[in-house]
Amino acid sequence: MKELTDETSGLRKYKAKRNFRETSEPSGKVLKRKAGRLSYVIQKHAASRLHYDFRLEMEGVLRSWAVPKGPSFDPADKRLAVHVEDHPLEYGTFEGVIPKGQYGGGSVVLWDRGRWFPEGDALADYKKGKLKFRLDGEKLQGTWTLVRMTGEKSDDGKNWMLIKHRDETARPASEYDVTAERPESVETGRTV
Ligand code: MN
């Protein structure tokens with residue numbers, strides 16, 4: 001399989017959108033990492049609209065989805081997850097303020113982080129548009145699915161859904177709302 005490079009990965013788009021003299025976000029590059037340990041991170045991002053950036057390590061980059069409402073432990077909540085450009089792995093430790101006027105201007109907090117474990121072949125499943133995985137994070141655990149929408153609402157394949165799988169970690173939204181009960185940064189305890 002051909003390895004991703006800065007040019008062939010979504011990092012080309014990532015870099016084109018940002019002025020690294022103005023923003024303290026990492027410029028980054030595709031990293032070669034040993035297979036086996038895969039990280040994930042969720043950044044709460046108070047841009048023009050608040051959203052949660054859900055990022056899974058894949059092919060040496062962070063494959064990324066913007067989830068407006070954030071994750072839910074309730075399998076009945078199908079959360080829209082808009083596929084956005086790949087981010088460099090170094091982005092996974094970024095917390096701070098993107099200056100006003102820059103792309104994504106607003107504050108970013110490290111809302112959750114941990115490891116993810118694909119069920120099956122992550123890359124093949126990603127390309128097929130249905131990724132099932134387990135999360136072992138500070139706030140999120142258990143099995144989840146990211147599935148690409150089809151039909152009218154798919155917006156050319158950009159729109160996916162993040163859905164909690166029914167397992168022992170699932171909880172009804174009436175009982176537990178993780179975004180409301182755990183708003184803080186896992187790094188600094190700050191809220192946006
Ligand atoms: Mn964002």
# chains A, B, ... in the order shown; residues from 1 in each chain; ligands from 1
>>> residues_around(residues="stretch 19-24 of chain A", least_positions_apart="6", cutoff="8 Å", atoms="only C-alpha atoms", output="ChimeraX atom specification")
/A:96-99,102
>>> residues_around(residues="stretch 149-154 of chain A", least_positions_apart="4", cutoff="12 Å", atoms="only C-alpha atoms", output="tab-separated table (two decimals) with N, CA, C and O atoms, in the first residue's frame")
chain	number	residue	atom	x	y	z
A	78	LYS	N	-28.19	9.83	16.96
A	78	LYS	CA	-27.30	9.71	15.81
A	78	LYS	C	-26.72	11.10	15.54
A	78	LYS	O	-27.43	11.98	15.07
A	79	ARG	N	-25.46	11.29	15.88
A	79	ARG	CA	-24.88	12.61	15.82
A	79	ARG	C	-24.21	12.88	14.47
A	79	ARG	O	-23.34	12.11	14.05
A	80	LEU	N	-24.65	13.97	13.83
A	80	LEU	CA	-24.02	14.37	12.57
A	80	LEU	C	-22.53	14.58	12.79
A	80	LEU	O	-22.12	15.23	13.76
A	81	ALA	N	-21.72	14.04	11.89
A	81	ALA	CA	-20.26	14.17	11.96
A	81	ALA	C	-19.78	14.55	10.56
A	81	ALA	O	-19.80	13.72	9.65
A	82	VAL	N	-19.40	15.80	10.39
A	82	VAL	CA	-19.02	16.29	9.06
A	82	VAL	C	-17.52	16.03	8.84
A	82	VAL	O	-16.68	16.54	9.59
A	83	HIS	N	-17.23	15.25	7.82
A	83	HIS	CA	-15.83	14.89	7.53
A	83	HIS	C	-15.07	16.14	7.09
A	83	HIS	O	-15.48	16.83	6.17
A	128	LYS	N	-14.98	2.22	2.80
A	128	LYS	CA	-16.34	1.76	2.55
A	128	LYS	C	-17.38	2.65	3.23
A	128	LYS	O	-18.56	2.56	2.95
A	129	GLY	N	-16.92	3.47	4.18
A	129	GLY	CA	-17.84	4.39	4.84
A	129	GLY	C	-18.53	3.83	6.05
A	129	GLY	O	-19.59	4.32	6.46
A	130	LYS	N	-17.96	2.80	6.66
A	130	LYS	CA	-18.51	2.31	7.92
A	130	LYS	C	-17.40	1.76	8.80
A	130	LYS	O	-16.81	0.73	8.51
A	158	LYS	N	-19.73	13.95	2.55
A	158	LYS	CA	-19.09	14.64	3.68
A	158	LYS	C	-19.79	14.34	5.00
A	158	LYS	O	-19.19	14.43	6.07
A	159	ASN	N	-21.08	14.04	4.92
A	159	ASN	CA	-21.85	13.85	6.15
A	159	ASN	C	-21.84	12.39	6.61
A	159	ASN	O	-22.26	11.50	5.89
A	160	TRP	N	-21.34	12.21	7.80
A	160	TRP	CA	-21.33	10.91	8.45
A	160	TRP	C	-22.17	11.02	9.72
A	160	TRP	O	-22.61	12.12	10.07
A	161	MET	N	-22.35	9.89	10.40
A	161	MET	CA	-23.00	9.92	11.71
A	161	MET	C	-22.14	9.17	12.71
A	161	MET	O	-21.53	8.15	12.38
A	162	LEU	N	-22.08	9.72	13.91
A	162	LEU	CA	-21.37	9.07	15.02
A	162	LEU	C	-22.43	8.48	15.94
A	162	LEU	O	-23.27	9.21	16.48
>>> residues_around(residues="stretch 60-63 of chain A", least_positions_apart="3", cutoff="6 Å", atoms="only C-alpha atoms", output="PyMOL selection string")
chain A and resi 30-32+55-57+86-89
>>> residues_near_ligand(ligand="ligand 1", cutoff="10 Å", atoms="only C-alpha atoms and all ligand atoms", output="ChimeraX atom specification")
/A:42-54,64-68,84,103-108
>>> closest_atom_pairs(of="stretch 63-143 of chain A", to="stretch 174-189 of chain A", cutoff="10 Å", atoms="only C-alpha atoms", output="Markdown table")
| residue | atom | partner | partner_atom | distance |
| --- | --- | --- | --- | --- |
| A:Lys69 | CA | A:Thr179 | CA | 8.4 |
| A:Gly70 | CA | A:Thr179 | CA | 6.7 |
| A:Pro71 | CA | A:Thr179 | CA | 7.3 |
| A:Ser72 | CA | A:Val178 | CA | 6.6 |
| A:Phe73 | CA | A:Val178 | CA | 7.4 |
| A:Asp74 | CA | A:Tyr176 | CA | 8.4 |
| A:Thr93 | CA | A:Glu187 | CA | 8.9 |
| A:Phe94 | CA | A:Glu187 | CA | 9.9 |
| A:Glu95 | CA | A:Glu187 | CA | 8.4 |
| A:Val108 | CA | A:Ser185 | CA | 9.3 |
| A:Val109 | CA | A:Ser185 | CA | 5.5 |
| A:Leu110 | CA | A:Ser185 | CA | 5.0 |
| A:Trp111 | CA | A:Ser185 | CA | 4.7 |
| A:Asp112 | CA | A:Val186 | CA | 6.0 |
| A:Arg113 | CA | A:Val186 | CA | 7.6 |
| A:Glu138 | CA | A:Val186 | CA | 7.5 |
| A:Lys139 | CA | A:Val178 | CA | 7.6 |
| A:Leu140 | CA | A:Val178 | CA | 8.5 |
>>> closest_atom_pairs(of="stretch 103-139 of chain A", to="stretch 165-171 of chain A", cutoff="12 Å", atoms="only C-alpha atoms", output="tab-separated table")
residue	atom	partner	partner_atom	distance
A:Leu131	CA	A:His165	CA	11.7
A:Lys132	CA	A:His165	CA	8.9
A:Phe133	CA	A:His165	CA	9.4
A:Arg134	CA	A:His165	CA	9.5
A:Leu135	CA	A:Thr169	CA	10.6
A:Asp136	CA	A:Thr169	CA	11.2
A:Lys139	CA	A:Thr169	CA	11.2
>>> select_by_dssp(residues="stretch 153-189 of chain A", states="alpha helix (DSSP H)", output="number ranges by chain")
A: 178-181
>>> atom_distance(atom1="atom CA of A:Leu11", atom2="atom CA of A:Lys127")
17.8 Å
>>> select_by_dssp(residues="stretch 118-157 of chain A", states="strand (DSSP E)", output="list in words")
Pro118, Lys130, Leu131, Lys132, Phe133, Arg134, Leu135, Asp136, Gly137, Gln141, Gly142, Thr143, Trp144, Thr145, Leu146, Val147 and Arg148 of chain A
>>> atom_distance(atom1="atom CA of A:Thr191", atom2="atom CA of A:Gly137")
18.4 Å
